>>> print(open('final_30.txt').read())   # compact mmCIF, C-alpha atoms
# COMPACT_ATOMS: atom_id res chain seq x y z
CA MET A 1 14.34 -44.06 14.49
CA ASN A 2 13.11 -46.67 11.99
CA ARG A 3 14.38 -44.43 9.21
CA PHE A 4 17.92 -44.53 10.61
CA ILE A 5 17.81 -48.32 11.03
CA LEU A 6 16.61 -48.65 7.43
CA GLY A 7 19.40 -46.30 6.29
CA PHE A 8 21.97 -48.32 8.20
CA ILE A 9 20.68 -51.59 6.72
CA LEU A 10 20.82 -50.09 3.20
CA VAL A 11 24.44 -48.98 3.73
CA VAL A 12 25.39 -52.44 5.04
CA VAL A 13 23.57 -54.19 2.15
CA GLY A 14 25.16 -51.79 -0.40
CA THR A 15 28.64 -52.41 1.00
CA ALA A 16 28.06 -56.18 0.99
CA ILE A 17 26.88 -56.09 -2.65
CA GLY A 18 29.95 -53.98 -3.53
CA PHE A 19 32.31 -56.51 -1.94
CA ALA A 20 30.41 -59.42 -3.55
CA ILE A 21 30.69 -57.88 -7.01
CA ALA A 22 34.39 -57.13 -6.48
CA HIS A 23 35.00 -60.70 -5.30
CA TYR A 24 32.85 -62.78 -7.71
CA TYR A 25 32.79 -60.57 -10.80
CA PRO A 26 36.10 -58.65 -10.80
CA THR A 27 35.04 -56.78 -13.96
CA PHE A 28 35.28 -53.40 -12.21
CA PRO A 29 38.74 -52.45 -10.97
CA PHE A 30 38.76 -50.88 -7.44
CA ASP A 31 41.35 -48.30 -6.52
CA ASP A 32 42.89 -48.54 -3.03
CA LYS A 33 43.38 -44.74 -2.85
CA ILE A 34 40.54 -42.34 -2.14
CA ASN A 35 40.47 -38.89 -3.73
CA ALA A 36 39.58 -36.31 -1.04
CA VAL A 37 37.57 -34.15 -3.47
CA ASP A 38 35.56 -37.15 -4.66
CA LEU A 39 34.90 -38.17 -1.05
CA LEU A 40 33.75 -34.67 -0.18
CA THR A 41 31.50 -34.58 -3.25
CA LEU A 42 30.01 -37.92 -2.26
CA LEU A 43 29.38 -36.79 1.31
CA VAL A 44 27.77 -33.51 0.19
CA THR A 45 25.57 -35.38 -2.30
CA ILE A 46 24.46 -37.84 0.37
CA PHE A 47 23.80 -34.99 2.81
CA LEU A 48 21.65 -33.12 0.28
CA ALA A 49 19.83 -36.28 -0.75
CA VAL A 50 18.87 -36.92 2.85
CA TYR A 51 18.44 -33.31 4.10
CA ILE A 52 16.23 -31.93 1.33
CA PRO A 53 13.47 -34.56 1.25
CA ILE A 54 13.49 -35.44 4.92
CA PHE A 55 14.03 -32.20 6.79
CA LEU A 56 13.78 -29.18 4.52
CA GLU A 57 10.68 -30.26 2.63
CA LYS A 58 8.95 -31.26 5.85
CA GLN A 59 9.74 -27.87 7.38
CA MET A 60 8.53 -26.06 4.26
CA HIS A 61 5.28 -28.05 4.24
CA SER A 62 4.61 -27.37 7.89
CA HIS A 63 5.21 -23.60 7.41
CA ARG A 64 2.93 -23.56 4.36
CA PHE A 65 0.23 -25.31 6.37
CA GLU A 66 0.51 -22.76 9.20
CA LYS A 67 0.38 -19.86 6.75
CA ASP A 68 -2.71 -21.33 5.07
CA VAL A 69 -4.53 -21.54 8.40
CA VAL A 70 -3.63 -17.93 9.27
CA VAL A 71 -4.65 -16.68 5.81
CA ARG A 72 -8.00 -18.52 6.08
CA LYS A 73 -8.60 -16.83 9.45
CA ILE A 74 -7.80 -13.39 7.96
CA GLU A 75 -10.23 -14.05 5.11
CA GLY A 76 -12.88 -15.06 7.65
CA LEU A 77 -12.33 -11.80 9.52
CA GLN A 78 -12.60 -9.83 6.26
CA SER A 79 -15.87 -11.61 5.54
CA SER A 80 -17.32 -10.66 8.98
CA LEU A 81 -16.29 -7.04 8.41
CA ARG A 82 -17.92 -7.15 4.97
CA ASP A 83 -21.17 -8.34 6.61
CA VAL A 84 -21.17 -5.28 8.88
CA ASN A 85 -20.37 -3.01 5.93
CA ARG A 86 -23.25 -4.49 3.90
CA THR A 87 -25.71 -4.25 6.80
CA VAL A 88 -24.84 -0.59 7.34
CA THR A 89 -25.26 0.07 3.58
CA GLU A 90 -28.64 -1.69 3.67
CA CYS A 91 -29.72 0.36 6.71
CA LEU A 92 -28.71 3.58 4.96
CA GLN A 93 -30.64 2.63 1.82
CA LYS A 94 -33.76 1.75 3.84
CA ASN A 95 -33.25 4.84 5.98
CA THR A 96 -33.85 2.83 9.14
CA VAL A 97 -32.06 0.46 11.48
CA SER A 98 -34.35 -2.35 12.59
CA THR A 99 -33.94 -4.18 15.91
CA GLY A 100 -32.82 -7.18 13.88
CA ASN A 101 -30.16 -5.09 12.15
CA SER A 102 -28.95 -3.70 15.49
CA HIS A 103 -28.62 -7.15 17.01
CA ALA A 104 -26.92 -8.50 13.88
CA ILE A 105 -24.37 -5.66 13.94
CA VAL A 106 -23.62 -6.02 17.67
CA ASN A 107 -23.34 -9.78 17.25
CA SER A 108 -20.99 -9.35 14.27
CA PHE A 109 -18.69 -7.19 16.38
CA THR A 110 -18.52 -9.94 19.04
CA SER A 111 -17.55 -12.39 16.26
CA ILE A 112 -14.99 -9.92 14.87
CA SER A 113 -13.38 -9.59 18.32
CA ASN A 114 -13.13 -13.35 18.70
CA GLU A 115 -11.81 -13.86 15.16
CA LEU A 116 -9.20 -11.15 15.68
CA ASP A 117 -8.18 -12.64 19.02
CA THR A 118 -7.71 -16.08 17.40
CA LEU A 119 -5.73 -14.52 14.57
CA ILE A 120 -3.41 -12.69 16.97
CA THR A 121 -2.84 -15.88 18.96
CA LEU A 122 -1.98 -17.84 15.80
CA ILE A 123 0.33 -15.16 14.41
CA GLU A 124 2.18 -14.82 17.72
CA LEU A 125 2.58 -18.59 17.81
CA CYS A 126 4.00 -18.83 14.28
CA HIS A 127 5.79 -15.53 13.76
CA GLN A 128 6.50 -14.40 17.33
CA ARG A 129 6.36 -10.62 17.55
CA LYS A 130 7.37 -9.70 14.00
CA LEU A 131 3.92 -8.42 13.08
CA ASP A 132 3.11 -6.61 16.34
CA MET A 133 2.82 -3.19 14.70
CA ASP A 134 0.41 -4.46 12.04
CA LEU A 135 -1.72 -6.18 14.67
CA THR A 136 -1.83 -3.08 16.88
CA SER A 137 -2.97 -1.03 13.91
CA ILE A 138 -5.72 -3.58 13.12
CA LYS A 139 -6.84 -3.63 16.77
CA ASN A 140 -7.09 0.18 16.81
CA LEU A 141 -9.04 0.21 13.55
CA ARG A 142 -11.47 -2.41 14.92
CA HIS A 143 -12.09 -0.21 17.96
CA GLU A 144 -12.62 2.83 15.75
CA TYR A 145 -14.91 0.86 13.41
CA LYS A 146 -17.09 -0.40 16.27
CA ARG A 147 -17.31 3.07 17.72
CA THR A 148 -18.39 4.52 14.36
CA VAL A 149 -21.01 1.86 13.65
CA THR A 150 -22.46 1.30 17.15
CA GLY A 151 -21.70 4.66 18.77
CA GLY A 152 -23.75 7.85 18.85
CA ASN A 153 -27.43 7.07 19.25
CA PHE A 154 -27.15 3.54 17.89
CA GLY A 155 -30.04 1.33 19.05
CA ARG A 156 -32.44 4.25 19.43
CA LYS A 157 -35.90 3.47 17.98
CA VAL A 158 -35.62 6.18 15.33
CA PHE A 159 -31.88 5.78 14.79
CA LYS A 160 -30.58 6.12 11.21
CA TYR A 161 -27.12 6.24 9.75
CA THR A 162 -26.39 9.61 8.19
CA ALA A 163 -24.50 9.91 4.90
CA LEU A 164 -21.53 11.31 6.84
CA THR A 165 -21.45 8.39 9.29
CA LYS A 166 -21.67 6.00 6.34
CA LYS A 167 -18.76 7.73 4.64
CA GLU A 168 -16.71 7.50 7.84
CA GLU A 169 -17.69 3.83 8.15
CA GLU A 170 -16.61 3.17 4.54
CA VAL A 171 -13.24 4.84 5.09
CA ILE A 172 -12.46 2.81 8.22
CA TYR A 173 -13.81 -0.40 6.67
CA HIS A 174 -11.51 -0.02 3.63
CA LYS A 175 -8.53 0.86 5.83
CA LEU A 176 -9.14 -2.31 7.85
CA ASP A 177 -9.59 -4.41 4.72
CA LYS A 178 -6.37 -3.00 3.25
CA GLU A 179 -4.43 -3.69 6.46
CA LEU A 180 -5.69 -7.27 6.43
CA CYS A 181 -4.68 -7.74 2.76
CA ILE A 182 -1.21 -6.39 3.55
CA LEU A 183 -1.04 -8.80 6.49
CA ILE A 184 -1.76 -11.72 4.11
CA PHE A 185 1.09 -10.54 1.85
CA LYS A 186 3.50 -10.19 4.77
CA ILE A 187 2.64 -13.63 6.12
CA ASN A 188 3.14 -15.23 2.70
CA ARG A 189 6.55 -13.56 2.35
CA MET A 190 7.82 -14.85 5.69
CA MET B 1 -9.10 -7.35 48.43
CA ASP B 2 -12.82 -8.12 48.72
CA LYS B 3 -15.05 -7.63 45.72
CA ILE B 4 -18.52 -6.41 44.96
CA ASN B 5 -19.86 -8.19 41.91
CA ILE B 6 -22.04 -7.04 39.06
CA LYS B 7 -23.02 -9.58 36.45
CA ILE B 8 -24.76 -7.50 33.84
CA SER B 9 -26.76 -10.38 32.33
CA GLU B 10 -28.25 -11.21 35.76
CA ASP B 11 -28.31 -7.86 37.50
CA TYR B 12 -29.54 -5.72 34.61
CA THR B 13 -30.26 -7.25 31.20
CA LYS B 14 -29.16 -9.84 28.68
CA ILE B 15 -29.77 -7.35 25.86
CA PRO B 16 -27.98 -4.08 26.63
CA GLY B 17 -29.58 -1.28 24.70
CA VAL B 18 -29.12 2.34 23.87
CA ARG B 19 -27.41 5.38 25.37
CA GLU B 20 -30.18 7.42 26.98
CA GLU B 21 -33.33 6.44 28.83
CA ILE B 22 -35.65 8.18 26.38
CA GLU B 23 -34.20 6.25 23.44
CA GLY B 24 -35.28 2.73 24.26
CA ASP B 25 -34.98 -0.26 26.56
CA PHE B 26 -32.05 -1.00 28.87
CA PRO B 27 -30.02 2.13 28.22
CA GLY B 28 -26.49 2.69 29.46
CA GLU B 29 -27.56 5.74 31.46
CA GLU B 30 -30.10 3.73 33.42
CA PHE B 31 -27.52 1.03 34.12
CA LEU B 32 -25.19 3.75 35.34
CA SER B 33 -27.68 5.43 37.64
CA LYS B 34 -29.37 2.33 39.05
CA ILE B 35 -26.55 -0.18 39.31
CA LEU B 36 -23.06 0.94 38.33
CA LEU B 37 -22.82 4.21 40.26
CA PRO B 38 -24.39 2.95 43.54
CA LYS B 39 -22.26 -0.20 43.50
CA PHE B 40 -19.13 1.78 42.68
CA GLN B 41 -19.83 4.23 45.52
CA GLN B 42 -20.34 1.27 47.84
CA ALA B 43 -17.07 -0.29 46.67
CA ILE B 44 -15.17 2.94 47.31
CA ALA B 45 -16.77 3.40 50.74
CA GLU B 46 -16.05 -0.19 51.76
CA LYS B 47 -12.57 -0.18 50.15
CA LYS B 48 -13.52 -3.04 47.86
CA ILE B 49 -13.03 -3.77 44.18
CA LEU B 50 -16.03 -3.56 41.87
CA PHE B 51 -15.92 -6.67 39.70
CA ILE B 52 -17.99 -6.47 36.51
CA ASP B 53 -18.82 -9.58 34.51
CA PHE B 54 -19.84 -8.75 30.93
CA ASP B 55 -20.54 -12.30 29.76
CA ASP B 56 -23.78 -14.04 28.74
CA THR B 57 -25.42 -11.07 27.04
CA ALA B 58 -26.28 -10.43 23.38
CA GLY B 59 -23.34 -8.03 23.06
CA TYR B 60 -22.66 -4.38 23.85
CA PRO B 61 -23.07 -1.44 21.51
CA THR B 62 -20.58 1.39 21.98
CA SER B 63 -23.46 3.74 22.86
CA PHE B 64 -24.37 1.65 25.95
CA LEU B 65 -20.79 1.22 27.13
CA GLU B 66 -19.85 4.82 26.59
CA ALA B 67 -22.93 6.09 28.44
CA ALA B 68 -22.36 3.74 31.38
CA PHE B 69 -18.58 3.66 31.84
CA GLY B 70 -17.74 6.96 30.17
CA GLY B 71 -20.59 8.44 32.24
CA LEU B 72 -19.11 7.07 35.47
CA ALA B 73 -15.69 8.52 34.57
CA ARG B 74 -17.32 11.89 33.84
CA HIS B 75 -19.16 11.72 37.19
CA TYR B 76 -15.85 11.34 39.04
CA LYS B 77 -13.95 13.55 36.53
CA ASP B 78 -11.14 11.02 36.86
CA ALA B 79 -10.44 7.82 34.96
CA GLY B 80 -7.75 6.69 37.37
CA ILE B 81 -10.08 6.15 40.33
CA LEU B 82 -12.29 3.89 38.19
CA LEU B 83 -9.49 1.81 36.75
CA LYS B 84 -7.93 1.42 40.20
CA ASN B 85 -11.10 0.18 41.81
CA MET B 86 -12.65 -1.91 39.04
CA GLU B 87 -11.95 -5.29 37.52
CA PHE B 88 -13.59 -6.70 34.44
CA LYS B 89 -14.33 -10.11 33.00
CA SER B 90 -15.26 -10.73 29.40
CA GLU B 91 -14.74 -14.11 27.87
CA ASP B 92 -17.43 -13.68 25.20
CA ASP B 93 -15.70 -10.69 23.62
CA PRO B 94 -11.90 -10.60 24.09
CA PHE B 95 -11.60 -6.90 23.21
CA LEU B 96 -14.49 -5.62 25.32
CA ILE B 97 -12.30 -4.84 28.34
CA SER B 98 -9.87 -2.77 26.24
CA ASP B 99 -12.86 -0.98 24.65
CA VAL B 100 -14.35 -0.14 28.06
CA THR B 101 -10.97 1.00 29.37
CA GLU B 102 -10.65 3.30 26.39
CA TYR B 103 -14.14 4.79 26.93
CA ILE B 104 -13.20 5.46 30.56
CA ASN B 105 -9.89 7.07 29.60
CA GLU B 106 -11.42 9.20 26.86
CA ALA B 107 -14.49 10.30 28.84
CA ASN B 108 -12.96 13.44 30.30
CA ASN B 109 -10.94 14.33 27.22
CA LYS B 110 -13.93 15.44 25.17
>>> encode(input="final_30.txt", output="structure tokens")
Amino acid sequence: MNRFILGFILVVVGTAIGFAIAHYYPTFPFDDKINAVDLLTLLVTIFLAVYIPIFLEKQMHSHRFEKDVVVRKIEGLQSSLRDVNRTVTECLQKNTVSTGNSHAIVNSFTSISNELDTLITLIELCHQRKLDMDLTSIKNLRHEYKRTVTGGNFGRKVFKYTALTKKEEEVIYHKLDKELCILIFKINRM
Amino acid sequence: MDKINIKISEDYTKIPGVREEIEGDFPGEEFLSKILLPKFQQAIAEKKILFIDFDDTAGYPTSFLEAAFGGLARHYKDAGILLKNMEFKSEDDPFLISDVTEYINEANNK
């Protein structure tokens, strides 16, 4: 509201200065007729001068801010998935899965679920349902990934990851990571 | 409809374990035989809903969930009866309910 009052005051002051110059210093001749094209040009120029900095830029900044938050959340999710991938690799190399490793993996999957849930909420808030298919694919891959890593005889005292399970885990992990990278690209293009 | 409640962290364990009883502590099979199945049978007999609260535990490996809920679906050879008579709560893990539903649905497809 203050902005409009200020604008109004500036117009009034500008008009007053114009009349004062015309009256006291009649150096500049004023034409009584107004050219329609010039008037239109003036109005368009004023519109752009006000619209771009006040509305458009503000809108662009707010969208950029939203995208940055979503991208940060996706990167966080990728990092949690990487932790699981590294732990599984470590377990395969050591040929054992300690109780600590088991708890860390199960705990990571709880974090992954919560991170994904937050991400979905944010994306739906900013981009409505435009990315539904991508999100469904990511949700399915998360389910598949959890099943591969914590399924079978996971948690058993002598449980080990086999080379085949590890390969399957790697494939799903990279699919998930790729889907998340594509999601970042799609969000940035919106 | 009245409910019969199971809160896993209070009624069974805070650290759900493995699939089978011989594999380690707090297995899904034991949870199925000692708690889930009797309570579900009671719920069916009394025409009540079995309400399962998954919160306040260390998290659930697929092996535990599949043995317990997939096992119950295999016992009844029907996923529909389970899904019709059960309700779940999981605030700690927002995707746990969809995971469990999937294990129930897939149990008789293998």
>>> closest_residue(input="final_30.txt", among="B:Ser63, B:Ser98, B:Asn108, B:Ser33", to="chain A", atoms="all atoms listed in the file")
B:Ser63
>>> interface_residues(input="final_30.txt", of="chain B", to="chain A", cutoff="8 Å", atoms="all atoms listed in the file", output="list in words")
Gly17, Val18, Arg19, Glu23, Gly24, Ala58, Gly59, Tyr60, Pro61, Thr62, Ser63, Asp92, Asp93, Pro94, Phe95 and Asp99 of chain B
>>> residues_around(input="final_30.txt", residues="Phe40 of chain B", least_positions_apart="2", cutoff="10 Å", atoms="all atoms listed in the file", output="ChimeraX atom specification")
/B:4,6,32,35-38,42-46,48-51,72,82,85-86
>>> residues_around(input="final_30.txt", residues="segment 78-95 of chain A", least_positions_apart="3", cutoff="8 Å", atoms="all atoms listed in the file", output="JSON, numbers by chain")
{"A": [74, 75, 98, 101, 105, 108, 111, 112, 149, 160, 161, 162, 163, 166, 169, 170, 173, 177, 180]}
>>> axis_aligned_box(input="final_30.txt", around="segment 7-12 of chain A", padding_each_side="6 Å", output="lines of an AutoDock Vina configuration file")
center_x = 22.4
center_y = -49.4
center_z = 5.7
size_x = 18.0
size_y = 18.1
size_z = 17.0
>>> atom_distance(input="final_30.txt", atom1="atom CA of Leu122 of chain A", atom2="atom CA of Val69 of chain A")
8.7 Å
>>> residues_around(input="final_30.txt", residues="Leu83 of chain B", least_positions_apart="5", cutoff="9 Å", atoms="all atoms listed in the file", output="PyMOL selection string")
chain B and resi 101+104-105
>>> atom_distance(input="final_30.txt", atom1="atom CA of Lys33 of chain A", atom2="atom CA of Val12 of chain A")
21.1 Å
>>> closest_residue(input="final_30.txt", among="A:Cys126, A:Val44, A:Leu164, A:Val13", to="Phe65 of chain A", atoms="all atoms listed in the file")
A:Cys126
>>> atom_distance(input="final_30.txt", atom1="atom CA of Val50 of chain A", atom2="atom CA of Phe28 of chain A")
27.7 Å
>>> build_atoms(input="final_30.txt", residues="segment 49-71 of chain A", atoms="N, CA and C atoms", output="PDB file, in the frame of the given file")
ATOM      1  N   ALA A  49      20.857 -35.291  -0.416  1.00  0.00           N
ATOM      2  CA  ALA A  49      19.830 -36.280  -0.750  1.00  0.00           C
ATOM      3  C   ALA A  49      18.997 -36.645   0.470  1.00  0.00           C
ATOM      4  N   VAL A  50      19.611 -36.590   1.629  1.00  0.00           N
ATOM      5  CA  VAL A  50      18.870 -36.920   2.850  1.00  0.00           C
ATOM      6  C   VAL A  50      18.195 -35.658   3.409  1.00  0.00           C
ATOM      7  N   TYR A  51      18.931 -34.539   3.442  1.00  0.00           N
ATOM      8  CA  TYR A  51      18.440 -33.310   4.100  1.00  0.00           C
ATOM      9  C   TYR A  51      17.219 -32.698   3.393  1.00  0.00           C
ATOM     10  N   ILE A  52      17.311 -32.606   2.056  1.00  0.00           N
ATOM     11  CA  ILE A  52      16.230 -31.930   1.330  1.00  0.00           C
ATOM     12  C   ILE A  52      14.888 -32.653   1.484  1.00  0.00           C
ATOM     13  N   PRO A  53      14.802 -33.942   1.131  1.00  0.00           N
ATOM     14  CA  PRO A  53      13.470 -34.560   1.250  1.00  0.00           C
ATOM     15  C   PRO A  53      13.006 -34.784   2.678  1.00  0.00           C
ATOM     16  N   ILE A  54      13.938 -35.075   3.570  1.00  0.00           N
ATOM     17  CA  ILE A  54      13.490 -35.440   4.920  1.00  0.00           C
ATOM     18  C   ILE A  54      13.229 -34.213   5.798  1.00  0.00           C
ATOM     19  N   PHE A  55      14.168 -33.305   5.841  1.00  0.00           N
ATOM     20  CA  PHE A  55      14.030 -32.200   6.790  1.00  0.00           C
ATOM     21  C   PHE A  55      13.486 -30.913   6.167  1.00  0.00           C
ATOM     22  N   LEU A  56      14.145 -30.470   5.097  1.00  0.00           N
ATOM     23  CA  LEU A  56      13.780 -29.180   4.520  1.00  0.00           C
ATOM     24  C   LEU A  56      12.350 -29.160   3.986  1.00  0.00           C
ATOM     25  N   GLU A  57      12.003 -30.212   3.241  1.00  0.00           N
ATOM     26  CA  GLU A  57      10.680 -30.260   2.630  1.00  0.00           C
ATOM     27  C   GLU A  57       9.592 -30.328   3.715  1.00  0.00           C
ATOM     28  N   LYS A  58       9.901 -31.116   4.747  1.00  0.00           N
ATOM     29  CA  LYS A  58       8.950 -31.260   5.850  1.00  0.00           C
ATOM     30  C   LYS A  58       8.708 -29.912   6.521  1.00  0.00           C
ATOM     31  N   GLN A  59       9.827 -29.179   6.730  1.00  0.00           N
ATOM     32  CA  GLN A  59       9.740 -27.870   7.380  1.00  0.00           C
ATOM     33  C   GLN A  59       8.938 -26.891   6.507  1.00  0.00           C
ATOM     34  N   MET A  60       9.231 -26.953   5.185  1.00  0.00           N
ATOM     35  CA  MET A  60       8.530 -26.060   4.260  1.00  0.00           C
ATOM     36  C   MET A  60       7.038 -26.371   4.235  1.00  0.00           C
ATOM     37  N   HIS A  61       6.690 -27.661   4.240  1.00  0.00           N
ATOM     38  CA  HIS A  61       5.280 -28.050   4.240  1.00  0.00           C
ATOM     39  C   HIS A  61       4.577 -27.587   5.490  1.00  0.00           C
ATOM     40  N   SER A  62       5.260 -27.739   6.632  1.00  0.00           N
ATOM     41  CA  SER A  62       4.610 -27.370   7.890  1.00  0.00           C
ATOM     42  C   SER A  62       4.416 -25.856   7.953  1.00  0.00           C
ATOM     43  N   HIS A  63       5.378 -25.059   7.429  1.00  0.00           N
ATOM     44  CA  HIS A  63       5.210 -23.600   7.410  1.00  0.00           C
ATOM     45  C   HIS A  63       4.077 -23.197   6.477  1.00  0.00           C
ATOM     46  N   ARG A  64       3.988 -23.877   5.335  1.00  0.00           N
ATOM     47  CA  ARG A  64       2.930 -23.560   4.360  1.00  0.00           C
ATOM     48  C   ARG A  64       1.557 -23.825   4.980  1.00  0.00           C
ATOM     49  N   PHE A  65       1.480 -24.935   5.726  1.00  0.00           N
ATOM     50  CA  PHE A  65       0.230 -25.310   6.370  1.00  0.00           C
ATOM     51  C   PHE A  65      -0.190 -24.249   7.387  1.00  0.00           C
ATOM     52  N   GLU A  66       0.790 -23.796   8.194  1.00  0.00           N
ATOM     53  CA  GLU A  66       0.510 -22.760   9.200  1.00  0.00           C
ATOM     54  C   GLU A  66       0.036 -21.469   8.530  1.00  0.00           C
ATOM     55  N   LYS A  67       0.748 -21.096   7.452  1.00  0.00           N
ATOM     56  CA  LYS A  67       0.380 -19.860   6.750  1.00  0.00           C
ATOM     57  C   LYS A  67      -1.034 -19.968   6.178  1.00  0.00           C
ATOM     58  N   ASP A  68      -1.370 -21.136   5.638  1.00  0.00           N
ATOM     59  CA  ASP A  68      -2.710 -21.330   5.070  1.00  0.00           C
ATOM     60  C   ASP A  68      -3.786 -21.141   6.125  1.00  0.00           C
ATOM     61  N   VAL A  69      -3.535 -21.676   7.324  1.00  0.00           N
ATOM     62  CA  VAL A  69      -4.530 -21.540   8.400  1.00  0.00           C
ATOM     63  C   VAL A  69      -4.697 -20.064   8.765  1.00  0.00           C
ATOM     64  N   VAL A  70      -3.571 -19.352   8.895  1.00  0.00           N
ATOM     65  CA  VAL A  70      -3.630 -17.930   9.270  1.00  0.00           C
ATOM     66  C   VAL A  70      -4.358 -17.125   8.178  1.00  0.00           C
ATOM     67  N   VAL A  71      -4.020 -17.417   6.920  1.00  0.00           N
ATOM     68  CA  VAL A  71      -4.650 -16.680   5.810  1.00  0.00           C
ATOM     69  C   VAL A  71      -6.165 -16.947   5.787  1.00  0.00           C
TER      70      VAL A  71
END
